[in-house]
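*Asks:* Here you go, one structure.
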Amino acid sequence: MKTLYFIAILVVMISLASVGALIYTTFAAPKIEIHSSFFRRGSESSGVFFIAHNHGLLEGCIMAAEMVGSSDLRVELHKNEVHEGKVVMSPVDKICIPGGGEVKALGIEGEGYHLMIFGKLPENTKMVRIKLYHDNGSSLEFEAMEQELPGSDQHE
């Protein structure tokens, strides 16, 4: 009789754990989507900008990034902040997106976050592919098309 109760309790516990895992992965787990992405070319580095939307209920964080297909270019997470009237750019460990929210990683025009590609992009590069690594172990790739600044003569 004790064995039957033990088995029944074990089945209930496993069922509850399965339901909890299903609810977490379906509704609560961070589900980050990138949109409105673009990059701006610099002479020795370039900035990648985007809007990150989290469709999950729990916060999700971008922990690292890399450029797909190019091992000689380094990508870092960065944030711009204004200190004493000057814009200061510094690396950050992560970019967190609240559950059900978004982060406008648009440099000074957004919440200050962006990605920096260190190294010179080939002149014919009009699109970059970036892979983001999340705190939950997942990853996501997105493309960013080049956006030239108005009045820019960098390609002339």
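Ordering of the structure tokens sets the chain letters (A, B, ...), residue numbers begin anew at 1 in every chain, and ligands are numbered from 1 in the order given.
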Might you pull out every residue within 8 Å of Phe142 of chain A, with only C-alpha atoms counted and same-chain residues fewer than 3 positions away left off, and present them as a PyMOL selection string?

*Replies:* chain A and resi 34+129-131

*Asks:* Using N, CA and C atoms, can you write the selected residues to a file as a PDB file, in the first residue's frame?

*Replies:*
```pdb
ATOM      1  N   ILE A  34      14.540  40.920 -32.243  1.00  0.00           N
ATOM      2  CA  ILE A  34      15.241  42.131 -32.667  1.00  0.00           C
ATOM      3  C   ILE A  34      14.564  42.682 -33.906  1.00  0.00           C
ATOM      4  N   ARG A 129      25.691  40.420 -40.144  1.00  0.00           N
ATOM      5  CA  ARG A 129      24.876  39.431 -39.431  1.00  0.00           C
ATOM      6  C   ARG A 129      25.486  39.266 -38.046  1.00  0.00           C
ATOM      7  N   ILE A 130      24.659  39.467 -37.030  1.00  0.00           N
ATOM      8  CA  ILE A 130      25.099  39.446 -35.633  1.00  0.00           C
ATOM      9  C   ILE A 130      24.408  38.293 -34.896  1.00  0.00           C
ATOM     10  N   LYS A 131      25.178  37.627 -34.037  1.00  0.00           N
ATOM     11  CA  LYS A 131      24.629  36.584 -33.180  1.00  0.00           C
ATOM     12  C   LYS A 131      24.681  37.090 -31.745  1.00  0.00           C
TER      13      LYS A 131
END
```

*Asks:* Based on DSSP run over this structure's backbone, return all residues of segment 116-146 of chain A in strand (DSSP E), as a count of residues only.

*Replies:* 19

*Asks:* With only C-alpha atoms as the counted atoms, please give the residues lying no more than 6 Å from segment 89-100 of chain A, apart from itself and same-chain residues fewer than 2 positions off, as a list of chain:residue names.

*Replies:*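 Close residues of segment 89-100 of chain A: A:Asn54, A:His55, A:Gly56, A:Leu57, A:Leu58, A:Glu59, A:Gly60, A:Cys61, A:Ile62, A:Met63, A:Leu77, A:His78, A:Lys79, A:Asn80, A:Glu102, A:Val103.
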
*Asks:* Looking at only C-alpha atoms, which of A:Leu73, A:Met145, A:Leu106, A:Ile14 is the one that sits closest to Ser45 of chain A?

*Replies:*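 With only C-alpha atoms as the atom set, the closest residue is A:Leu73.
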
*Asks:* Mind the document's chain letters and residue numbers, and return as a PyMOL selection string the residues of chain A that DSSP labels helix (DSSP H, G or I).

*Replies:* chain A and resi 2-28+107-109

*Asks:* Residues at most 6 Å from Ala105 of chain A, counting only C-alpha atoms, excluding those fewer than 4 positions away in the same chain, as a PDB file with C-alpha atoms, in the first residue's frame?

*Replies:*
```
ATOM      1  CA  PHE A  49      21.640  49.700 -33.398  1.00  0.00           C
ATOM      2  CA  PHE A  50      18.310  47.931 -32.889  1.00  0.00           C
ATOM      3  CA  ILE A  51      15.171  47.588 -30.818  1.00  0.00           C
ATOM      4  CA  GLY A 110      17.439  55.479 -27.498  1.00  0.00           C
ATOM      5  CA  GLU A 111      18.399  54.159 -24.101  1.00  0.00           C
ATOM      6  CA  TYR A 113      22.815  50.835 -25.641  1.00  0.00           C
ATOM      7  CA  HIS A 114      24.318  49.600 -28.895  1.00  0.00           C
TER       8      HIS A 114
END
```

*Asks:* I'd like to know which of A:Asp72, A:Met67, A:Ser43, A:Thr3 is closest to Glu143 of chain A, using only C-alpha atoms.

*Replies:*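 Going through A:Asp72, A:Met67, A:Ser43, A:Thr3 one by one, the smallest distance to Glu143 of chain A is for A:Met67.
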
*Asks:* If you measure from atom CA of Gly112 of chain A to atom CA of Glu81 of chain A, what distance in Å do you get, rounded to one decimal?

*Replies:*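 Computing the Euclidean distance for atom CA of Gly112 of chain A and atom CA of Glu81 of chain A yields 6.4 Å.
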